[in-house]
Amino acid sequence: MLIVSNLTKQYGDNLAVDGVSFEANKGSVFGLLGPNGAGKSTTINCISGLLVPTSGTVTVGGLEVTREPKAAKQLLGVVPQELAIYEDLPAIDNLKFWGKAYGLRGEALKARVAEVIETIGLADRAKDLPKTFSGGMKRRLNFGCGVVHKPPVILLDEPTAGVDPQSRKKLFDLVEEERAAGACILYTTHYMEEAEYLCDSLAIIDHGKLIAQGTVAGLRSQLGARDVLQLNGKFPQQAGREATGKLVRAGLKDIEILGSDEHSLTLTLSDGSEHLSEIFEALSAAGGKVTETNLRRPNLETLFLLLTGKELRE
């Protein structure tokens, strides 16, 4: 339903999106993950037609967005990161407005709005103004406005930003309902746990480039049994390299440094819990001092750290 092919968007000397390609299918959630500023929202804006790509193509339901923008946009439902609701218009009238914008009229509009207001859990607040709503309620209304016309392709750009855990779970339920109904959903986030929970497949983007792509299970399997060991403390220059070199010579062949400075050292290795004492001993011998330890089992957050050397939220 959605094909992005060699998409590039450049602003002067800034290459915000650099040759991004992926496909998303009906009845599935495709995750586009990356830190803030990675190029996710720019990609979404090119897909939705708000931005014209510098090069590359976007095809929605067989229609190329730049060549047939009106027809292609009819197939899209966009739930933007910035709320696209009218704070001084009752919730139900927000839904009616967006339904009419996409061509719904009469009884079809009335029935669909009634269905959506119930689905997003705001039927009891239908006539209230969104400016009186909590952040989570506004996010749900924002979601409803994006899907009121039953689009086959839905673009969700950081849909849970700034919401409480209860509202986040409700938004997850809404996404899963749309997937079950056959929608093709593109979900951007910088929360790995959301991607692991919701997405059937995903791509990881950093500095405008796709650095990994596949199913959640397939990407996780790339990690094997490797852990990430985050150490905080005091580490003189070259202490980490000296210690890991000693450990490799002692037989710990797969230990690697992901990142280091005078206050922190991030390592990756297999079965990290079994080698903590020898790592601490080697660091101490090299002049380092460990004050805090965090050992992480393999997950998508670990994969991002392995690929980029930094945290997803940095």
# chains A, B, ... in the order shown; residues from 1 in each chain; ligands from 1
$ residues_around --residues "Glu176 of chain A" --least-positions-apart "3" --cutoff "12 Å" --atoms "only C-alpha atoms" --output "NGL selection string"
:A and (27-29 or 169-173 or 179-185 or 187 or 197-200)
$ write_last_selection --atoms "C-alpha atoms" --output "PDB file, in the first residue's frame"
ATOM      1  CA  GLY A  27      -3.058  -4.944   7.788  1.00  0.00           C
ATOM      2  CA  SER A  28       0.335  -4.187   9.337  1.00  0.00           C
ATOM      3  CA  VAL A  29       2.212  -1.590  11.379  1.00  0.00           C
ATOM      4  CA  LYS A 169      -2.338   2.198  26.242  1.00  0.00           C
ATOM      5  CA  LYS A 170      -5.624   3.514  24.782  1.00  0.00           C
ATOM      6  CA  LEU A 171      -3.748   4.853  21.747  1.00  0.00           C
ATOM      7  CA  PHE A 172      -2.058   1.467  21.325  1.00  0.00           C
ATOM      8  CA  ASP A 173      -5.504  -0.146  21.325  1.00  0.00           C
ATOM      9  CA  ARG A 179      -4.496  -2.762  11.843  1.00  0.00           C
ATOM     10  CA  ALA A 180      -7.127  -5.447  12.464  1.00  0.00           C
ATOM     11  CA  ALA A 181      -9.469  -3.558  10.126  1.00  0.00           C
ATOM     12  CA  GLY A 182      -6.857  -3.847   7.342  1.00  0.00           C
ATOM     13  CA  ALA A 183      -5.172  -0.447   7.447  1.00  0.00           C
ATOM     14  CA  CYS A 184      -1.539   0.050   6.478  1.00  0.00           C
ATOM     15  CA  ILE A 185       0.014   2.032   9.332  1.00  0.00           C
ATOM     16  CA  TYR A 187       4.283   4.606  12.933  1.00  0.00           C
ATOM     17  CA  TYR A 197       5.010  -3.839  21.228  1.00  0.00           C
ATOM     18  CA  LEU A 198       3.217  -2.615  18.083  1.00  0.00           C
ATOM     19  CA  CYS A 199       5.270  -3.037  14.927  1.00  0.00           C
ATOM     20  CA  ASP A 200       5.292  -6.007  12.541  1.00  0.00           C
TER      21      ASP A 200
END
$ residues_around --residues "Gly39 of chain A" --least-positions-apart "5" --cutoff "6 Å" --atoms "only C-alpha atoms" --output "list in words"
Ala16, Val17 and Gly208 of chain A
$ select_by_dssp --residues "segment 120-192 of chain A" --states "helix (DSSP H, G or I)" --output "number ranges by chain"
A: 123-125, 130-132, 135-147, 165-180, 192
$ write_last_selection --atoms "N, CA and C atoms" --output "short mmCIF file (atom, residue, chain, number, x, y, z; two decimals), in the first residue's frame"
data_model
loop_
_atom_site.label_atom_id
_atom_site.label_comp_id
_atom_site.auth_asym_id
_atom_site.auth_seq_id
_atom_site.Cartn_x
_atom_site.Cartn_y
_atom_site.Cartn_z
N ALA A 123 -17.11 9.86 23.90
CA ALA A 123 -18.55 10.06 23.67
C ALA A 123 -19.18 10.92 24.77
N ASP A 124 -18.69 10.77 26.01
CA ASP A 124 -19.27 11.54 27.11
C ASP A 124 -18.77 12.98 27.15
N ARG A 125 -17.78 13.30 26.31
CA ARG A 125 -17.24 14.66 26.23
C ARG A 125 -17.40 15.23 24.83
N PRO A 130 -12.02 21.02 23.32
CA PRO A 130 -10.73 20.36 23.55
C PRO A 130 -9.80 21.12 24.48
N LYS A 131 -9.98 22.45 24.58
CA LYS A 131 -9.09 23.21 25.47
C LYS A 131 -9.31 22.83 26.94
N THR A 132 -10.42 22.13 27.22
CA THR A 132 -10.66 21.65 28.59
C THR A 132 -10.18 20.21 28.79
N GLY A 135 -4.02 16.13 28.12
CA GLY A 135 -3.16 15.88 26.97
C GLY A 135 -3.50 14.58 26.27
N GLY A 136 -3.79 13.54 27.05
CA GLY A 136 -4.14 12.26 26.47
C GLY A 136 -5.44 12.30 25.69
N MET A 137 -6.42 13.03 26.19
CA MET A 137 -7.70 13.16 25.48
C MET A 137 -7.52 13.90 24.16
N LYS A 138 -6.69 14.93 24.18
CA LYS A 138 -6.42 15.67 22.95
C LYS A 138 -5.75 14.76 21.92
N ARG A 139 -4.83 13.90 22.39
CA ARG A 139 -4.15 12.97 21.47
C ARG A 139 -5.14 12.00 20.86
N ARG A 140 -6.10 11.54 21.65
CA ARG A 140 -7.11 10.62 21.12
C ARG A 140 -8.00 11.32 20.09
N LEU A 141 -8.37 12.56 20.38
CA LEU A 141 -9.17 13.32 19.41
C LEU A 141 -8.36 13.56 18.13
N ASN A 142 -7.08 13.87 18.29
CA ASN A 142 -6.19 14.05 17.14
C ASN A 142 -6.16 12.79 16.27
N PHE A 143 -6.11 11.64 16.95
CA PHE A 143 -6.14 10.35 16.24
C PHE A 143 -7.46 10.18 15.50
N GLY A 144 -8.56 10.47 16.17
CA GLY A 144 -9.87 10.32 15.55
C GLY A 144 -10.03 11.18 14.31
N CYS A 145 -9.52 12.41 14.37
CA CYS A 145 -9.62 13.32 13.22
C CYS A 145 -8.84 12.77 12.02
N GLY A 146 -7.77 12.03 12.28
CA GLY A 146 -6.95 11.48 11.19
C GLY A 146 -7.54 10.26 10.53
N VAL A 147 -8.47 9.58 11.23
CA VAL A 147 -9.01 8.32 10.68
C VAL A 147 -10.51 8.38 10.40
N PRO A 165 0.59 7.06 30.91
CA PRO A 165 0.58 5.64 30.55
C PRO A 165 -0.80 5.10 30.18
N GLN A 166 -1.85 5.54 30.86
CA GLN A 166 -3.20 5.06 30.54
C GLN A 166 -3.63 5.50 29.15
N SER A 167 -3.37 6.75 28.81
CA SER A 167 -3.72 7.25 27.48
C SER A 167 -2.87 6.58 26.40
N ARG A 168 -1.61 6.31 26.73
CA ARG A 168 -0.75 5.62 25.77
C ARG A 168 -1.30 4.23 25.44
N LYS A 169 -1.76 3.52 26.48
CA LYS A 169 -2.34 2.20 26.24
C LYS A 169 -3.60 2.30 25.38
N LYS A 170 -4.42 3.32 25.59
CA LYS A 170 -5.62 3.51 24.78
C LYS A 170 -5.24 3.79 23.33
N LEU A 171 -4.21 4.58 23.11
CA LEU A 171 -3.75 4.85 21.75
C LEU A 171 -3.21 3.58 21.09
N PHE A 172 -2.51 2.76 21.85
CA PHE A 172 -2.06 1.47 21.33
C PHE A 172 -3.25 0.64 20.86
N ASP A 173 -4.30 0.61 21.68
CA ASP A 173 -5.50 -0.15 21.32
C ASP A 173 -6.11 0.37 20.03
N LEU A 174 -6.12 1.70 19.85
CA LEU A 174 -6.68 2.28 18.63
C LEU A 174 -5.86 1.88 17.40
N VAL A 175 -4.54 1.88 17.56
CA VAL A 175 -3.67 1.45 16.46
C VAL A 175 -3.95 -0.01 16.10
N GLU A 176 -4.06 -0.85 17.10
CA GLU A 176 -4.29 -2.27 16.85
C GLU A 176 -5.65 -2.51 16.20
N GLU A 177 -6.65 -1.72 16.55
CA GLU A 177 -7.96 -1.84 15.92
C GLU A 177 -7.90 -1.48 14.44
N GLU A 178 -7.15 -0.44 14.12
CA GLU A 178 -7.02 -0.04 12.70
C GLU A 178 -6.26 -1.10 11.92
N ARG A 179 -5.23 -1.68 12.52
CA ARG A 179 -4.50 -2.76 11.84
C ARG A 179 -5.43 -3.95 11.59
N ALA A 180 -6.21 -4.32 12.61
CA ALA A 180 -7.13 -5.45 12.46
C ALA A 180 -8.17 -5.19 11.39
N MET A 192 11.65 2.76 21.69
CA MET A 192 11.85 1.40 21.22
C MET A 192 10.80 0.43 21.77
#
$ atom_distance --atom1 "atom CA of Val216 of chain A" --atom2 "atom CA of Leu269 of chain A"
21.3 Å
$ residues_around --residues "segment 69-73 of chain A" --least-positions-apart "2" --cutoff "12 Å" --atoms "only C-alpha atoms" --output "compact mmCIF listing (two decimals) with C-alpha atoms, in the first residue's frame"
# COMPACT_ATOMS: atom_id res chain seq x y z
CA MET A 1 0.00 0.00 0.00
CA LEU A 2 2.92 2.36 0.67
CA ASN A 45 5.76 15.16 5.40
CA CYS A 46 7.06 13.98 2.01
CA ILE A 47 4.73 10.98 2.09
CA SER A 48 1.73 13.13 2.98
CA GLY A 49 2.50 15.68 0.26
CA LEU A 50 3.28 18.56 2.62
CA LEU A 51 6.84 18.58 1.30
CA VAL A 52 8.07 17.94 -2.23
CA VAL A 58 6.34 7.97 -2.81
CA THR A 59 3.49 5.72 -3.98
CA VAL A 60 0.26 5.29 -2.00
CA GLY A 61 -2.17 2.63 -3.20
CA GLY A 62 -0.54 2.69 -6.63
CA LEU A 63 -0.70 6.50 -6.91
CA GLU A 64 2.48 8.58 -6.95
CA VAL A 65 2.04 11.45 -4.51
CA THR A 66 3.82 14.13 -6.55
CA ARG A 67 2.02 13.21 -9.81
CA LEU A 75 -6.09 7.47 0.68
CA LEU A 76 -4.11 8.93 3.57
CA GLY A 77 -4.99 9.60 7.17
CA VAL A 78 -2.43 11.82 8.89
CA ALA A 101 -12.80 17.89 4.42
CA TYR A 102 -12.44 14.35 3.06
CA GLY A 146 -6.95 11.48 11.19
CA HIS A 149 -12.68 9.11 6.67
CA PRO A 151 -8.20 5.87 5.15
CA PRO A 152 -6.44 2.69 3.98
CA VAL A 153 -3.03 4.21 4.85
CA ILE A 154 -2.48 5.94 8.20
CA LEU A 155 0.59 8.04 9.09
$ select_by_dssp --residues "segment 132-307 of chain A" --states "strand (DSSP E)" --output "PyMOL selection string"
chain A and resi 153-157+184-189+201-206+209-215+226-234+256-260+264-270+289-296
$ closest_residue --among "A:Phe304, A:Phe280, A:Phe235, A:Phe133" --to "Glu262 of chain A" --atoms "only C-alpha atoms"
A:Phe235
$ atom_distance --atom1 "atom CA of Ala38 of chain A" --atom2 "atom CA of Thr302 of chain A"
17.7 Å
$ closest_residue --among "A:Lys40, A:Glu23, A:Gln10, A:Ile257" --to "Ile205 of chain A" --atoms "only C-alpha atoms"
A:Lys40
$ decode --residues "segment 235-273 of chain A" --atoms "N, CA and C atoms" --output "mmCIF file, in the first residue's frame"
data_model
loop_
_atom_site.group_PDB
_atom_site.id
_atom_site.type_symbol
_atom_site.label_atom_id
_atom_site.label_comp_id
_atom_site.auth_asym_id
_atom_site.auth_seq_id
_atom_site.Cartn_x
_atom_site.Cartn_y
_atom_site.Cartn_z
ATOM 1 N N PHE A 235 37.329 7.406 34.197
ATOM 2 C CA PHE A 235 38.124 6.580 33.295
ATOM 3 C C PHE A 235 39.154 7.456 32.582
ATOM 4 N N PRO A 236 40.401 7.419 33.030
ATOM 5 C CA PRO A 236 41.454 8.198 32.359
ATOM 6 C C PRO A 236 41.546 7.832 30.878
ATOM 7 N N GLN A 237 42.089 8.736 30.104
ATOM 8 C CA GLN A 237 42.232 8.498 28.663
ATOM 9 C C GLN A 237 42.952 7.176 28.406
ATOM 10 N N GLN A 238 42.400 6.388 27.502
ATOM 11 C CA GLN A 238 42.935 5.090 27.091
ATOM 12 C C GLN A 238 42.709 3.969 28.117
ATOM 13 N N ALA A 239 42.081 4.269 29.270
ATOM 14 C CA ALA A 239 41.863 3.223 30.270
ATOM 15 C C ALA A 239 40.958 2.126 29.722
ATOM 16 N N GLY A 240 39.902 2.527 29.045
ATOM 17 C CA GLY A 240 38.984 1.542 28.473
ATOM 18 C C GLY A 240 39.653 0.684 27.417
ATOM 19 N N ARG A 241 40.419 1.320 26.542
ATOM 20 C CA ARG A 241 41.096 0.577 25.475
ATOM 21 C C ARG A 241 42.157 -0.364 26.054
ATOM 22 N N GLU A 242 42.866 0.115 27.065
ATOM 23 C CA GLU A 242 43.894 -0.721 27.694
ATOM 24 C C GLU A 242 43.259 -1.943 28.369
ATOM 25 N N ALA A 243 42.131 -1.713 29.074
ATOM 26 C CA ALA A 243 41.474 -2.798 29.797
ATOM 27 C C ALA A 243 40.880 -3.823 28.841
ATOM 28 N N THR A 244 40.190 -3.348 27.789
ATOM 29 C CA THR A 244 39.581 -4.295 26.845
ATOM 30 C C THR A 244 40.650 -5.066 26.079
ATOM 31 N N GLY A 245 41.763 -4.419 25.760
ATOM 32 C CA GLY A 245 42.859 -5.117 25.091
ATOM 33 C C GLY A 245 43.383 -6.260 25.947
ATOM 34 N N LYS A 246 43.506 -5.997 27.242
ATOM 35 C CA LYS A 246 43.968 -7.026 28.174
ATOM 36 C C LYS A 246 42.964 -8.178 28.242
ATOM 37 N N LEU A 247 41.656 -7.835 28.255
ATOM 38 C CA LEU A 247 40.620 -8.862 28.326
ATOM 39 C C LEU A 247 40.582 -9.723 27.066
ATOM 40 N N VAL A 248 40.778 -9.103 25.903
ATOM 41 C CA VAL A 248 40.811 -9.851 24.644
ATOM 42 C C VAL A 248 41.982 -10.834 24.652
ATOM 43 N N ARG A 249 43.124 -10.359 25.120
ATOM 44 C CA ARG A 249 44.301 -11.233 25.174
ATOM 45 C C ARG A 249 44.093 -12.377 26.158
ATOM 46 N N ALA A 250 43.215 -12.140 27.158
ATOM 47 C CA ALA A 250 42.939 -13.179 28.152
ATOM 48 C C ALA A 250 41.855 -14.146 27.691
ATOM 49 N N GLY A 251 41.286 -13.900 26.485
ATOM 50 C CA GLY A 251 40.316 -14.848 25.937
ATOM 51 C C GLY A 251 38.915 -14.324 25.756
ATOM 52 N N LEU A 252 38.635 -13.088 26.188
ATOM 53 C CA LEU A 252 37.299 -12.504 26.020
ATOM 54 C C LEU A 252 37.250 -11.801 24.656
ATOM 55 N N LYS A 253 37.129 -12.606 23.598
ATOM 56 C CA LYS A 253 37.383 -12.141 22.237
ATOM 57 C C LYS A 253 36.362 -11.144 21.690
ATOM 58 N N ASP A 254 35.081 -11.212 22.141
ATOM 59 C CA ASP A 254 34.064 -10.403 21.460
ATOM 60 C C ASP A 254 33.723 -9.107 22.197
ATOM 61 N N ILE A 255 34.505 -8.716 23.209
ATOM 62 C CA ILE A 255 34.236 -7.468 23.902
ATOM 63 C C ILE A 255 34.638 -6.286 23.022
ATOM 64 N N GLU A 256 33.757 -5.285 22.940
ATOM 65 C CA GLU A 256 34.014 -4.104 22.112
ATOM 66 C C GLU A 256 33.616 -2.850 22.866
ATOM 67 N N ILE A 257 34.270 -1.740 22.551
ATOM 68 C CA ILE A 257 33.905 -0.438 23.116
ATOM 69 C C ILE A 257 32.939 0.259 22.158
ATOM 70 N N LEU A 258 31.753 0.616 22.671
ATOM 71 C CA LEU A 258 30.794 1.371 21.857
ATOM 72 C C LEU A 258 30.978 2.872 22.020
ATOM 73 N N GLY A 259 31.352 3.280 23.208
ATOM 74 C CA GLY A 259 31.541 4.703 23.468
ATOM 75 C C GLY A 259 32.311 4.891 24.752
ATOM 76 N N SER A 260 33.073 5.968 24.840
ATOM 77 C CA SER A 260 33.835 6.204 26.065
ATOM 78 C C SER A 260 34.177 7.676 26.199
ATOM 79 N N ASP A 261 34.221 8.144 27.448
ATOM 80 C CA ASP A 261 34.776 9.447 27.797
ATOM 81 C C ASP A 261 35.290 9.336 29.230
ATOM 82 N N GLU A 262 35.659 10.432 29.830
ATOM 83 C CA GLU A 262 36.280 10.348 31.154
ATOM 84 C C GLU A 262 35.304 9.945 32.253
ATOM 85 N N HIS A 263 33.994 10.011 31.980
ATOM 86 C CA HIS A 263 32.999 9.686 33.006
ATOM 87 C C HIS A 263 32.181 8.429 32.700
ATOM 88 N N SER A 264 32.263 7.896 31.510
ATOM 89 C CA SER A 264 31.454 6.716 31.175
ATOM 90 C C SER A 264 32.165 5.836 30.155
ATOM 91 N N LEU A 265 31.798 4.551 30.184
ATOM 92 C CA LEU A 265 32.355 3.575 29.249
ATOM 93 C C LEU A 265 31.239 2.600 28.895
ATOM 94 N N THR A 266 30.965 2.436 27.610
ATOM 95 C CA THR A 266 29.916 1.528 27.149
ATOM 96 C C THR A 266 30.550 0.395 26.361
ATOM 97 N N LEU A 267 30.302 -0.843 26.814
ATOM 98 C CA LEU A 267 30.885 -2.033 26.202
ATOM 99 C C LEU A 267 29.784 -2.955 25.701
ATOM 100 N N THR A 268 30.108 -3.788 24.719
ATOM 101 C CA THR A 268 29.225 -4.870 24.307
ATOM 102 C C THR A 268 30.007 -6.174 24.335
ATOM 103 N N LEU A 269 29.341 -7.234 24.784
ATOM 104 C CA LEU A 269 29.994 -8.539 24.891
ATOM 105 C C LEU A 269 28.931 -9.606 25.111
ATOM 106 N N SER A 270 29.303 -10.837 24.926
ATOM 107 C CA SER A 270 28.392 -11.952 25.185
ATOM 108 C C SER A 270 28.401 -12.315 26.672
ATOM 109 N N ASP A 271 27.209 -12.663 27.196
ATOM 110 C CA ASP A 271 27.082 -13.127 28.583
ATOM 111 C C ASP A 271 27.788 -12.200 29.556
ATOM 112 N N GLY A 272 27.412 -10.927 29.488
ATOM 113 C CA GLY A 272 28.104 -9.909 30.271
ATOM 114 C C GLY A 272 28.123 -10.155 31.759
ATOM 115 N N SER A 273 27.047 -10.720 32.331
ATOM 116 C CA SER A 273 26.979 -10.920 33.777
ATOM 117 C C SER A 273 28.051 -11.876 34.285
#
